[in-house]
Amino acid sequence: MTSRIQYNNPQQAEALGLPYHYEMVSDAKRVTPFKKAIQKVCKGKRVLESGAGSGILSILAAKAGAKKVYAVEIDPKVARFAEANIRKSGFQDRIKLIRKDIFKTTLEDLDDEKVDVVIAENLSTWQVTEPQIPILNYINKNLIKQDGARIPALIFNYVELAQSQYQFENAVEIRTHYFGFTGVKKPRILSKRQLFTTIDLRQQNSLRINRSIKIKIAREGTLNSLRLTSPLQVYDGINFESSDSLMPPVIIPLNKDVHVIKGDMIQLDIRYSYHTNWDAIRCRAKLIN
């Protein structure tokens, strides 16, 4: 049986194939806020895109009147695809395709001048699996002007206490993290959504998280999981919540079930590093009434 993730990445490779790029560019819920931000910011600016993929956002920046766009793409196959799309767009004179790792991109690649705008959609929920934070740390230090614009600008990591179904047909127990894709059974939410961290992508950010918060129970149930979401401020006044192709809710299990009633207080301890994997995140919930 083949999963949604395996359909997108059947070889388990780092780069995703064209079926996933089709899903991304056809997802209007995903593309529209980035397009609006690009149209608002990029006119007359020098723009860098990290992880250009199909080239759609770099092409949108050129269409919006960018002076020059530097599209960085490390995967050779995807870079060839982006090159063909850039040529078909008619903006090949304004878009420079850089076929290399963003971490090896230098000012020389950018014609010896820092850029005014960076577009970086290297995103995953809670930044667990994608390199958004290390990439922006590198770009902020080396490639963008201090007052430059970042698209997206801010990430808000939220958590909710939840009760998930892990037993099926009184025979099968699957206690694992899962993605809140359309059609997947939703968990029962036991608390209000609470902000865990705010990430300002204009700043250097630590790659390790280790902190605790307190959350009040809003309804009785069995606390056995956490629902994590990461809405974005793409740019001032332009926001994105989630979609099936970008940053869906992720529900992760707790090691121990806790029966809770309305008004109970839970201390939640979370420890993990950005750009790792979901099995590496460590969470503990403790009743502190």
# chains A, B, ... in the order shown; residues from 1 in each chain; ligands from 1
$ residues_around --residues "segment 47-57 of chain A" --least-positions-apart "4" --cutoff "6 Å" --atoms "only C-alpha atoms" --output "list in words"
Val69, Tyr70, Ala71, Val72, Glu73, Val78, Ala82, Val115, Val117, Val118, Ile119 and Ala120 of chain A
$ select_by_dssp --residues "segment 18-253 of chain A" --states "strand (DSSP E)" --output "PDB file with N, CA and C atoms, in the first residue's frame"
ATOM      1  N   ARG A  46      16.029  43.831  -6.068  1.00  0.00           N
ATOM      2  CA  ARG A  46      16.847  42.656  -6.356  1.00  0.00           C
ATOM      3  C   ARG A  46      16.402  41.547  -5.408  1.00  0.00           C
ATOM      4  N   VAL A  47      16.022  40.393  -5.986  1.00  0.00           N
ATOM      5  CA  VAL A  47      15.314  39.348  -5.243  1.00  0.00           C
ATOM      6  C   VAL A  47      16.098  38.038  -5.312  1.00  0.00           C
ATOM      7  N   LEU A  48      16.187  37.345  -4.175  1.00  0.00           N
ATOM      8  CA  LEU A  48      16.777  36.013  -4.098  1.00  0.00           C
ATOM      9  C   LEU A  48      15.693  35.021  -3.703  1.00  0.00           C
ATOM     10  N   GLU A  49      15.572  33.920  -4.474  1.00  0.00           N
ATOM     11  CA  GLU A  49      14.692  32.835  -4.044  1.00  0.00           C
ATOM     12  C   GLU A  49      15.523  31.615  -3.704  1.00  0.00           C
ATOM     13  N   SER A  50      15.330  31.085  -2.496  1.00  0.00           N
ATOM     14  CA  SER A  50      16.001  29.864  -2.069  1.00  0.00           C
ATOM     15  C   SER A  50      15.097  28.673  -2.346  1.00  0.00           C
ATOM     16  N   LYS A  68      16.055  42.329 -10.695  1.00  0.00           N
ATOM     17  CA  LYS A  68      16.811  41.115 -10.960  1.00  0.00           C
ATOM     18  C   LYS A  68      16.373  40.053  -9.962  1.00  0.00           C
ATOM     19  N   VAL A  69      16.245  38.805 -10.439  1.00  0.00           N
ATOM     20  CA  VAL A  69      15.862  37.688  -9.579  1.00  0.00           C
ATOM     21  C   VAL A  69      16.952  36.620  -9.661  1.00  0.00           C
ATOM     22  N   TYR A  70      17.422  36.183  -8.506  1.00  0.00           N
ATOM     23  CA  TYR A  70      18.416  35.123  -8.410  1.00  0.00           C
ATOM     24  C   TYR A  70      17.712  33.887  -7.852  1.00  0.00           C
ATOM     25  N   ALA A  71      17.510  32.882  -8.715  1.00  0.00           N
ATOM     26  CA  ALA A  71      16.767  31.676  -8.351  1.00  0.00           C
ATOM     27  C   ALA A  71      17.753  30.553  -8.069  1.00  0.00           C
ATOM     28  N   VAL A  72      17.843  30.138  -6.808  1.00  0.00           N
ATOM     29  CA  VAL A  72      18.817  29.124  -6.395  1.00  0.00           C
ATOM     30  C   VAL A  72      18.121  27.771  -6.293  1.00  0.00           C
ATOM     31  N   ILE A  95      15.947  36.815 -14.819  1.00  0.00           N
ATOM     32  CA  ILE A  95      16.086  35.769 -13.805  1.00  0.00           C
ATOM     33  C   ILE A  95      17.373  35.002 -14.052  1.00  0.00           C
ATOM     34  N   LYS A  96      18.232  34.988 -13.047  1.00  0.00           N
ATOM     35  CA  LYS A  96      19.480  34.232 -13.110  1.00  0.00           C
ATOM     36  C   LYS A  96      19.321  32.956 -12.296  1.00  0.00           C
ATOM     37  N   LEU A  97      19.406  31.805 -12.958  1.00  0.00           N
ATOM     38  CA  LEU A  97      19.295  30.522 -12.273  1.00  0.00           C
ATOM     39  C   LEU A  97      20.664  30.110 -11.746  1.00  0.00           C
ATOM     40  N   ILE A  98      20.741  29.888 -10.438  1.00  0.00           N
ATOM     41  CA  ILE A  98      21.994  29.505  -9.776  1.00  0.00           C
ATOM     42  C   ILE A  98      21.853  28.051  -9.343  1.00  0.00           C
ATOM     43  N   VAL A 115      20.965  41.356  -1.680  1.00  0.00           N
ATOM     44  CA  VAL A 115      19.637  41.541  -2.268  1.00  0.00           C
ATOM     45  C   VAL A 115      18.725  42.333  -1.329  1.00  0.00           C
ATOM     46  N   ASP A 116      17.616  42.819  -1.910  1.00  0.00           N
ATOM     47  CA  ASP A 116      16.618  43.587  -1.153  1.00  0.00           C
ATOM     48  C   ASP A 116      15.514  42.704  -0.580  1.00  0.00           C
ATOM     49  N   VAL A 117      15.260  41.565  -1.243  1.00  0.00           N
ATOM     50  CA  VAL A 117      14.145  40.690  -0.871  1.00  0.00           C
ATOM     51  C   VAL A 117      14.611  39.245  -0.962  1.00  0.00           C
ATOM     52  N   VAL A 118      14.214  38.426   0.011  1.00  0.00           N
ATOM     53  CA  VAL A 118      14.430  36.990  -0.084  1.00  0.00           C
ATOM     54  C   VAL A 118      13.075  36.286  -0.029  1.00  0.00           C
ATOM     55  N   ILE A 119      12.893  35.341  -0.933  1.00  0.00           N
ATOM     56  CA  ILE A 119      11.733  34.451  -0.920  1.00  0.00           C
ATOM     57  C   ILE A 119      12.262  33.071  -0.555  1.00  0.00           C
ATOM     58  N   ALA A 120      11.781  32.513   0.541  1.00  0.00           N
ATOM     59  CA  ALA A 120      12.279  31.205   0.999  1.00  0.00           C
ATOM     60  C   ALA A 120      11.101  30.391   1.504  1.00  0.00           C
ATOM     61  N   ILE A 144      21.533  39.173   2.322  1.00  0.00           N
ATOM     62  CA  ILE A 144      20.449  40.149   2.239  1.00  0.00           C
ATOM     63  C   ILE A 144      20.792  41.404   3.039  1.00  0.00           C
ATOM     64  N   LYS A 145      20.319  42.534   2.560  1.00  0.00           N
ATOM     65  CA  LYS A 145      20.508  43.785   3.280  1.00  0.00           C
ATOM     66  C   LYS A 145      19.775  43.729   4.613  1.00  0.00           C
ATOM     67  N   GLN A 146      20.287  44.455   5.574  1.00  0.00           N
ATOM     68  CA  GLN A 146      19.723  44.399   6.928  1.00  0.00           C
ATOM     69  C   GLN A 146      18.250  44.790   6.944  1.00  0.00           C
ATOM     70  N   ASP A 147      17.858  45.766   6.126  1.00  0.00           N
ATOM     71  CA  ASP A 147      16.467  46.205   6.095  1.00  0.00           C
ATOM     72  C   ASP A 147      15.672  45.527   4.984  1.00  0.00           C
ATOM     73  N   GLY A 148      16.199  44.432   4.440  1.00  0.00           N
ATOM     74  CA  GLY A 148      15.522  43.723   3.358  1.00  0.00           C
ATOM     75  C   GLY A 148      14.246  43.045   3.834  1.00  0.00           C
ATOM     76  N   ALA A 149      13.410  42.675   2.871  1.00  0.00           N
ATOM     77  CA  ALA A 149      12.134  42.012   3.159  1.00  0.00           C
ATOM     78  C   ALA A 149      12.288  40.501   3.053  1.00  0.00           C
ATOM     79  N   ARG A 150      11.658  39.800   4.008  1.00  0.00           N
ATOM     80  CA  ARG A 150      11.646  38.338   3.981  1.00  0.00           C
ATOM     81  C   ARG A 150      10.234  37.862   3.684  1.00  0.00           C
ATOM     82  N   ILE A 151      10.116  36.928   2.735  1.00  0.00           N
ATOM     83  CA  ILE A 151       8.838  36.307   2.397  1.00  0.00           C
ATOM     84  C   ILE A 151       9.011  34.800   2.547  1.00  0.00           C
ATOM     85  N   LEU A 154       7.244  36.040   9.333  1.00  0.00           N
ATOM     86  CA  LEU A 154       7.091  35.506  10.684  1.00  0.00           C
ATOM     87  C   LEU A 154       6.425  34.137  10.643  1.00  0.00           C
ATOM     88  N   ILE A 155       6.817  33.277  11.583  1.00  0.00           N
ATOM     89  CA  ILE A 155       6.174  31.974  11.775  1.00  0.00           C
ATOM     90  C   ILE A 155       5.656  31.917  13.207  1.00  0.00           C
ATOM     91  N   PHE A 156       4.414  31.462  13.366  1.00  0.00           N
ATOM     92  CA  PHE A 156       3.804  31.328  14.693  1.00  0.00           C
ATOM     93  C   PHE A 156       3.548  29.844  14.940  1.00  0.00           C
ATOM     94  N   ASN A 157       4.262  29.261  15.878  1.00  0.00           N
ATOM     95  CA  ASN A 157       4.085  27.844  16.198  1.00  0.00           C
ATOM     96  C   ASN A 157       3.093  27.695  17.349  1.00  0.00           C
ATOM     97  N   TYR A 158       1.964  27.048  17.048  1.00  0.00           N
ATOM     98  CA  TYR A 158       0.897  26.847  18.037  1.00  0.00           C
ATOM     99  C   TYR A 158       0.789  25.380  18.417  1.00  0.00           C
ATOM    100  N   VAL A 159       0.270  25.147  19.630  1.00  0.00           N
ATOM    101  CA  VAL A 159       0.035  23.790  20.104  1.00  0.00           C
ATOM    102  C   VAL A 159      -1.360  23.710  20.718  1.00  0.00           C
ATOM    103  N   GLU A 160      -2.008  22.565  20.533  1.00  0.00           N
ATOM    104  CA  GLU A 160      -3.277  22.244  21.192  1.00  0.00           C
ATOM    105  C   GLU A 160      -3.142  20.860  21.817  1.00  0.00           C
ATOM    106  N   LEU A 161      -3.726  20.683  22.995  1.00  0.00           N
ATOM    107  CA  LEU A 161      -3.794  19.364  23.620  1.00  0.00           C
ATOM    108  C   LEU A 161      -4.925  18.581  22.960  1.00  0.00           C
ATOM    109  N   ALA A 162      -4.691  17.284  22.725  1.00  0.00           N
ATOM    110  CA  ALA A 162      -5.642  16.537  21.905  1.00  0.00           C
ATOM    111  C   ALA A 162      -5.794  15.099  22.367  1.00  0.00           C
ATOM    112  N   GLN A 163      -6.903  14.502  21.938  1.00  0.00           N
ATOM    113  CA  GLN A 163      -7.173  13.078  22.128  1.00  0.00           C
ATOM    114  C   GLN A 163      -7.331  12.457  20.747  1.00  0.00           C
ATOM    115  N   GLN A 167      -6.487   3.211  18.405  1.00  0.00           N
ATOM    116  CA  GLN A 167      -6.921   1.827  18.273  1.00  0.00           C
ATOM    117  C   GLN A 167      -8.033   1.737  17.232  1.00  0.00           C
ATOM    118  N   PHE A 168      -7.960   0.701  16.397  1.00  0.00           N
ATOM    119  CA  PHE A 168      -8.911   0.541  15.310  1.00  0.00           C
ATOM    120  C   PHE A 168      -9.413  -0.899  15.279  1.00  0.00           C
ATOM    121  N   VAL A 172      -6.108  -3.300  16.108  1.00  0.00           N
ATOM    122  CA  VAL A 172      -4.881  -2.660  15.631  1.00  0.00           C
ATOM    123  C   VAL A 172      -4.622  -1.391  16.425  1.00  0.00           C
ATOM    124  N   GLU A 173      -3.412  -1.235  16.943  1.00  0.00           N
ATOM    125  CA  GLU A 173      -3.018   0.004  17.615  1.00  0.00           C
ATOM    126  C   GLU A 173      -1.852   0.622  16.849  1.00  0.00           C
ATOM    127  N   TYR A 178       0.941  11.772  12.881  1.00  0.00           N
ATOM    128  CA  TYR A 178       0.230  11.725  11.597  1.00  0.00           C
ATOM    129  C   TYR A 178      -0.109  13.138  11.166  1.00  0.00           C
ATOM    130  N   PHE A 179      -0.391  13.273   9.878  1.00  0.00           N
ATOM    131  CA  PHE A 179      -0.626  14.584   9.280  1.00  0.00           C
ATOM    132  C   PHE A 179      -2.124  14.816   9.107  1.00  0.00           C
ATOM    133  N   ARG A 188      -9.745  14.882  18.778  1.00  0.00           N
ATOM    134  CA  ARG A 188     -10.641  15.660  19.634  1.00  0.00           C
ATOM    135  C   ARG A 188      -9.776  16.664  20.408  1.00  0.00           C
ATOM    136  N   ILE A 189     -10.077  17.939  20.270  1.00  0.00           N
ATOM    137  CA  ILE A 189      -9.235  18.989  20.859  1.00  0.00           C
ATOM    138  C   ILE A 189      -9.693  19.259  22.290  1.00  0.00           C
ATOM    139  N   GLN A 194      -2.653  27.467  21.765  1.00  0.00           N
ATOM    140  CA  GLN A 194      -1.752  28.338  22.506  1.00  0.00           C
ATOM    141  C   GLN A 194      -0.447  28.529  21.728  1.00  0.00           C
ATOM    142  N   LEU A 195       0.013  29.785  21.704  1.00  0.00           N
ATOM    143  CA  LEU A 195       1.261  30.102  21.027  1.00  0.00           C
ATOM    144  C   LEU A 195       2.442  29.519  21.799  1.00  0.00           C
ATOM    145  N   PHE A 196       3.284  28.769  21.097  1.00  0.00           N
ATOM    146  CA  PHE A 196       4.476  28.178  21.706  1.00  0.00           C
ATOM    147  C   PHE A 196       5.718  29.012  21.415  1.00  0.00           C
ATOM    148  N   THR A 197       5.941  29.369  20.147  1.00  0.00           N
ATOM    149  CA  THR A 197       7.058  30.236  19.782  1.00  0.00           C
ATOM    150  C   THR A 197       6.669  31.117  18.599  1.00  0.00           C
ATOM    151  N   THR A 198       7.260  32.294  18.543  1.00  0.00           N
ATOM    152  CA  THR A 198       7.185  33.167  17.373  1.00  0.00           C
ATOM    153  C   THR A 198       8.579  33.278  16.791  1.00  0.00           C
ATOM    154  N   ILE A 199       8.705  33.036  15.499  1.00  0.00           N
ATOM    155  CA  ILE A 199      10.012  33.085  14.843  1.00  0.00           C
ATOM    156  C   ILE A 199      10.033  34.257  13.876  1.00  0.00           C
ATOM    157  N   ASP A 200      10.891  35.207  14.158  1.00  0.00           N
ATOM    158  CA  ASP A 200      11.105  36.365  13.295  1.00  0.00           C
ATOM    159  C   ASP A 200      12.231  36.014  12.330  1.00  0.00           C
ATOM    160  N   ARG A 208      17.923  24.947  18.186  1.00  0.00           N
ATOM    161  CA  ARG A 208      17.444  24.002  19.195  1.00  0.00           C
ATOM    162  C   ARG A 208      16.385  24.664  20.067  1.00  0.00           C
ATOM    163  N   ILE A 209      15.343  23.910  20.350  1.00  0.00           N
ATOM    164  CA  ILE A 209      14.239  24.372  21.188  1.00  0.00           C
ATOM    165  C   ILE A 209      14.141  23.468  22.411  1.00  0.00           C
ATOM    166  N   ASN A 210      14.056  24.083  23.584  1.00  0.00           N
ATOM    167  CA  ASN A 210      13.871  23.339  24.828  1.00  0.00           C
ATOM    168  C   ASN A 210      13.144  24.252  25.798  1.00  0.00           C
ATOM    169  N   ARG A 211      11.819  24.111  25.863  1.00  0.00           N
ATOM    170  CA  ARG A 211      11.069  25.002  26.734  1.00  0.00           C
ATOM    171  C   ARG A 211       9.785  24.351  27.212  1.00  0.00           C
ATOM    172  N   SER A 212       9.191  24.976  28.226  1.00  0.00           N
ATOM    173  CA  SER A 212       7.959  24.475  28.835  1.00  0.00           C
ATOM    174  C   SER A 212       6.907  25.571  28.818  1.00  0.00           C
ATOM    175  N   ILE A 213       5.646  25.157  28.686  1.00  0.00           N
ATOM    176  CA  ILE A 213       4.524  26.078  28.831  1.00  0.00           C
ATOM    177  C   ILE A 213       3.418  25.388  29.627  1.00  0.00           C
ATOM    178  N   LYS A 214       2.502  26.190  30.147  1.00  0.00           N
ATOM    179  CA  LYS A 214       1.340  25.668  30.873  1.00  0.00           C
ATOM    180  C   LYS A 214       0.084  25.921  30.052  1.00  0.00           C
ATOM    181  N   ILE A 215      -0.761  24.906  29.966  1.00  0.00           N
ATOM    182  CA  ILE A 215      -1.989  24.987  29.167  1.00  0.00           C
ATOM    183  C   ILE A 215      -3.147  24.470  30.010  1.00  0.00           C
ATOM    184  N   LYS A 216      -4.266  25.196  29.973  1.00  0.00           N
ATOM    185  CA  LYS A 216      -5.457  24.796  30.730  1.00  0.00           C
ATOM    186  C   LYS A 216      -6.346  23.902  29.875  1.00  0.00           C
ATOM    187  N   GLY A 221     -11.346  14.584  28.878  1.00  0.00           N
ATOM    188  CA  GLY A 221     -10.967  13.577  27.903  1.00  0.00           C
ATOM    189  C   GLY A 221      -9.679  12.885  28.299  1.00  0.00           C
ATOM    190  N   THR A 222      -9.124  12.135  27.355  1.00  0.00           N
ATOM    191  CA  THR A 222      -7.843  11.462  27.550  1.00  0.00           C
ATOM    192  C   THR A 222      -6.797  12.175  26.722  1.00  0.00           C
ATOM    193  N   LEU A 223      -5.897  12.860  27.406  1.00  0.00           N
ATOM    194  CA  LEU A 223      -4.829  13.572  26.714  1.00  0.00           C
ATOM    195  C   LEU A 223      -3.762  12.566  26.290  1.00  0.00           C
ATOM    196  N   ASN A 224      -3.621  12.383  24.976  1.00  0.00           N
ATOM    197  CA  ASN A 224      -2.629  11.421  24.484  1.00  0.00           C
ATOM    198  C   ASN A 224      -1.818  11.938  23.293  1.00  0.00           C
ATOM    199  N   SER A 225      -2.049  13.205  22.906  1.00  0.00           N
ATOM    200  CA  SER A 225      -1.368  13.726  21.719  1.00  0.00           C
ATOM    201  C   SER A 225      -1.395  15.251  21.717  1.00  0.00           C
ATOM    202  N   LEU A 226      -0.591  15.826  20.825  1.00  0.00           N
ATOM    203  CA  LEU A 226      -0.532  17.276  20.624  1.00  0.00           C
ATOM    204  C   LEU A 226      -0.800  17.572  19.156  1.00  0.00           C
ATOM    205  N   ARG A 227      -1.562  18.607  18.899  1.00  0.00           N
ATOM    206  CA  ARG A 227      -1.804  19.060  17.523  1.00  0.00           C
ATOM    207  C   ARG A 227      -0.980  20.328  17.297  1.00  0.00           C
ATOM    208  N   LEU A 228      -0.065  20.282  16.350  1.00  0.00           N
ATOM    209  CA  LEU A 228       0.859  21.376  16.087  1.00  0.00           C
ATOM    210  C   LEU A 228       0.526  22.053  14.763  1.00  0.00           C
ATOM    211  N   THR A 229       0.521  23.390  14.752  1.00  0.00           N
ATOM    212  CA  THR A 229       0.284  24.163  13.539  1.00  0.00           C
ATOM    213  C   THR A 229       1.267  25.326  13.468  1.00  0.00           C
ATOM    214  N   LEU A 232       1.577  31.436   9.074  1.00  0.00           N
ATOM    215  CA  LEU A 232       2.616  32.381   8.668  1.00  0.00           C
ATOM    216  C   LEU A 232       2.067  33.787   8.522  1.00  0.00           C
ATOM    217  N   GLN A 233       2.900  34.775   8.820  1.00  0.00           N
ATOM    218  CA  GLN A 233       2.724  36.102   8.253  1.00  0.00           C
ATOM    219  C   GLN A 233       3.651  36.140   7.045  1.00  0.00           C
ATOM    220  N   VAL A 234       3.056  35.994   5.862  1.00  0.00           N
ATOM    221  CA  VAL A 234       3.855  35.962   4.639  1.00  0.00           C
ATOM    222  C   VAL A 234       4.498  37.328   4.417  1.00  0.00           C
ATOM    223  N   TYR A 235       3.704  38.358   4.604  1.00  0.00           N
ATOM    224  CA  TYR A 235       4.185  39.735   4.629  1.00  0.00           C
ATOM    225  C   TYR A 235       3.140  40.541   5.374  1.00  0.00           C
ATOM    226  N   ILE A 238      -0.614  39.960   5.079  1.00  0.00           N
ATOM    227  CA  ILE A 238      -0.861  38.813   4.202  1.00  0.00           C
ATOM    228  C   ILE A 238      -0.490  37.548   4.974  1.00  0.00           C
ATOM    229  N   ASN A 239      -1.470  36.698   5.223  1.00  0.00           N
ATOM    230  CA  ASN A 239      -1.267  35.553   6.102  1.00  0.00           C
ATOM    231  C   ASN A 239      -1.590  34.234   5.398  1.00  0.00           C
ATOM    232  N   PHE A 240      -1.065  33.162   5.958  1.00  0.00           N
ATOM    233  CA  PHE A 240      -1.321  31.808   5.462  1.00  0.00           C
ATOM    234  C   PHE A 240      -1.476  30.892   6.665  1.00  0.00           C
ATOM    235  N   VAL A 250       0.140  18.761  12.266  1.00  0.00           N
ATOM    236  CA  VAL A 250       0.788  17.495  12.582  1.00  0.00           C
ATOM    237  C   VAL A 250       0.413  17.120  14.001  1.00  0.00           C
ATOM    238  N   ILE A 251      -0.039  15.885  14.169  1.00  0.00           N
ATOM    239  CA  ILE A 251      -0.457  15.397  15.482  1.00  0.00           C
ATOM    240  C   ILE A 251       0.572  14.383  15.948  1.00  0.00           C
ATOM    241  N   ILE A 252       1.172  14.642  17.105  1.00  0.00           N
ATOM    242  CA  ILE A 252       2.220  13.761  17.606  1.00  0.00           C
ATOM    243  C   ILE A 252       1.765  13.110  18.914  1.00  0.00           C
ATOM    244  N   PRO A 253       2.114  11.839  19.127  1.00  0.00           N
ATOM    245  CA  PRO A 253       1.638  11.138  20.333  1.00  0.00           C
ATOM    246  C   PRO A 253       2.468  11.488  21.557  1.00  0.00           C
TER     247      PRO A 253
END
$ residues_around --residues "segment 121-136 of chain A" --least-positions-apart "6" --cutoff "6 Å" --atoms "only C-alpha atoms" --output "NGL selection string"
:A and (157 or 230 or 247 or 274-277)
$ write_last_selection --atoms "C-alpha atoms" --output "PDB file, in the first residue's frame"
ATOM      1  CA  ASN A 157       4.085  27.844  16.198  1.00  0.00           C
ATOM      2  CA  SER A 230       2.457  26.914  12.047  1.00  0.00           C
ATOM      3  CA  MET A 247       2.416  22.909   6.593  1.00  0.00           C
ATOM      4  CA  TYR A 274      14.978  22.270  13.550  1.00  0.00           C
ATOM      5  CA  HIS A 275      15.524  20.325  10.321  1.00  0.00           C
ATOM      6  CA  THR A 276      15.573  16.837  11.839  1.00  0.00           C
ATOM      7  CA  ASN A 277      12.574  14.457  11.799  1.00  0.00           C
TER       8      ASN A 277
END
$ residues_around --residues "Ala285 of chain A" --least-positions-apart "5" --cutoff "8 Å" --atoms "only C-alpha atoms" --output "PyMOL selection string"
chain A and resi 254+266-269
$ atom_distance --atom1 "atom CA of Gly65 of chain A" --atom2 "atom CA of Gly44 of chain A"
5.8 Å
$ closest_residue --among "A:Val41, A:Leu143, A:Ile217, A:Ala84" --to "Glu113 of chain A" --atoms "only C-alpha atoms"
A:Leu143
$ closest_residue --among "A:Ala66, A:Asp112, A:Asp264, A:Arg80" --to "Arg94 of chain A" --atoms "only C-alpha atoms"
A:Ala66
$ select_by_dssp --residues "segment 19-165 of chain A" --states "alpha helix (DSSP H)" --output "ChimeraX atom specification"
/A:19-26,28-41,56-63,76-89,132-142
$ atom_distance --atom1 "atom CA of Gln204 of chain A" --atom2 "atom CA of Tyr138 of chain A"
8.5 Å
$ closest_atom_pairs --of "segment 212-272 of chain A" --to "segment 14-28 of chain A" --cutoff "9 Å" --atoms "only C-alpha atoms" --output "JSON lines"
{"residue": "A:Ser243", "atom": "CA", "partner": "A:Asp27", "partner_atom": "CA", "distance": 8.0}
{"residue": "A:Asp244", "atom": "CA", "partner": "A:Asp27", "partner_atom": "CA", "distance": 8.5}
{"residue": "A:Ser245", "atom": "CA", "partner": "A:Met24", "partner_atom": "CA", "distance": 6.0}
{"residue": "A:Leu246", "atom": "CA", "partner": "A:Met24", "partner_atom": "CA", "distance": 7.8}
$ atom_distance --atom1 "atom CA of Ile74 of chain A" --atom2 "atom CA of Asp93 of chain A"
20.5 Å
$ residues_around --residues "Glu220 of chain A" --least-positions-apart "6" --cutoff "8 Å" --atoms "only C-alpha atoms" --output "list in words"
Leu190, His259, Val260, Ile261 and Lys262 of chain A
$ write_last_selection --atoms "C-alpha atoms" --output "mmCIF file, in the first residue's frame"
data_model
loop_
_atom_site.group_PDB
_atom_site.id
_atom_site.type_symbol
_atom_site.label_atom_id
_atom_site.label_comp_id
_atom_site.auth_asym_id
_atom_site.auth_seq_id
_atom_site.Cartn_x
_atom_site.Cartn_y
_atom_site.Cartn_z
ATOM 1 C CA LEU A 190 -9.019 19.396 24.653
ATOM 2 C CA HIS A 259 -7.125 11.624 32.009
ATOM 3 C CA VAL A 260 -8.054 15.297 32.337
ATOM 4 C CA ILE A 261 -11.123 17.345 33.243
ATOM 5 C CA LYS A 262 -12.050 20.927 32.457
#
$ decode --residues "segment 102-117 of chain A" --atoms "N, CA and C atoms" --output "PDB file, in the first residue's frame"
ATOM      1  N   ILE A 102      22.178  26.554  -1.468  1.00  0.00           N
ATOM      2  CA  ILE A 102      22.036  27.919  -0.952  1.00  0.00           C
ATOM      3  C   ILE A 102      23.159  28.230   0.038  1.00  0.00           C
ATOM      4  N   PHE A 103      23.630  27.222   0.780  1.00  0.00           N
ATOM      5  CA  PHE A 103      24.682  27.443   1.769  1.00  0.00           C
ATOM      6  C   PHE A 103      26.052  27.680   1.115  1.00  0.00           C
ATOM      7  N   LYS A 104      26.145  27.426  -0.184  1.00  0.00           N
ATOM      8  CA  LYS A 104      27.378  27.704  -0.924  1.00  0.00           C
ATOM      9  C   LYS A 104      27.221  28.902  -1.859  1.00  0.00           C
ATOM     10  N   THR A 105      26.069  29.536  -1.796  1.00  0.00           N
ATOM     11  CA  THR A 105      25.824  30.730  -2.603  1.00  0.00           C
ATOM     12  C   THR A 105      26.523  31.919  -1.954  1.00  0.00           C
ATOM     13  N   THR A 106      27.206  32.704  -2.776  1.00  0.00           N
ATOM     14  CA  THR A 106      27.986  33.828  -2.269  1.00  0.00           C
ATOM     15  C   THR A 106      27.555  35.123  -2.951  1.00  0.00           C
ATOM     16  N   LEU A 107      28.094  36.227  -2.460  1.00  0.00           N
ATOM     17  CA  LEU A 107      27.805  37.519  -3.084  1.00  0.00           C
ATOM     18  C   LEU A 107      28.262  37.556  -4.535  1.00  0.00           C
ATOM     19  N   GLU A 108      29.295  36.811  -4.858  1.00  0.00           N
ATOM     20  CA  GLU A 108      29.746  36.754  -6.254  1.00  0.00           C
ATOM     21  C   GLU A 108      28.632  36.225  -7.153  1.00  0.00           C
ATOM     22  N   ASP A 109      27.864  35.232  -6.668  1.00  0.00           N
ATOM     23  CA  ASP A 109      26.725  34.711  -7.438  1.00  0.00           C
ATOM     24  C   ASP A 109      25.644  35.772  -7.627  1.00  0.00           C
ATOM     25  N   LEU A 110      25.587  36.731  -6.698  1.00  0.00           N
ATOM     26  CA  LEU A 110      24.567  37.791  -6.721  1.00  0.00           C
ATOM     27  C   LEU A 110      25.127  39.085  -7.305  1.00  0.00           C
ATOM     28  N   ASP A 111      26.135  38.959  -8.147  1.00  0.00           N
ATOM     29  CA  ASP A 111      26.758  40.123  -8.801  1.00  0.00           C
ATOM     30  C   ASP A 111      27.324  41.108  -7.785  1.00  0.00           C
ATOM     31  N   ASP A 112      27.847  40.534  -6.682  1.00  0.00           N
ATOM     32  CA  ASP A 112      28.601  41.298  -5.675  1.00  0.00           C
ATOM     33  C   ASP A 112      27.784  42.349  -4.933  1.00  0.00           C
ATOM     34  N   GLU A 113      26.494  42.082  -4.775  1.00  0.00           N
ATOM     35  CA  GLU A 113      25.644  43.016  -4.020  1.00  0.00           C
ATOM     36  C   GLU A 113      24.557  42.243  -3.284  1.00  0.00           C
ATOM     37  N   LYS A 114      24.338  42.583  -2.022  1.00  0.00           N
ATOM     38  CA  LYS A 114      23.277  41.934  -1.259  1.00  0.00           C
ATOM     39  C   LYS A 114      21.908  42.288  -1.836  1.00  0.00           C
ATOM     40  N   VAL A 115      20.965  41.356  -1.680  1.00  0.00           N
ATOM     41  CA  VAL A 115      19.637  41.541  -2.268  1.00  0.00           C
ATOM     42  C   VAL A 115      18.725  42.333  -1.329  1.00  0.00           C
ATOM     43  N   ASP A 116      17.616  42.819  -1.910  1.00  0.00           N
ATOM     44  CA  ASP A 116      16.618  43.587  -1.153  1.00  0.00           C
ATOM     45  C   ASP A 116      15.514  42.704  -0.580  1.00  0.00           C
ATOM     46  N   VAL A 117      15.260  41.565  -1.243  1.00  0.00           N
ATOM     47  CA  VAL A 117      14.145  40.690  -0.871  1.00  0.00           C
ATOM     48  C   VAL A 117      14.611  39.245  -0.962  1.00  0.00           C
TER      49      VAL A 117
END
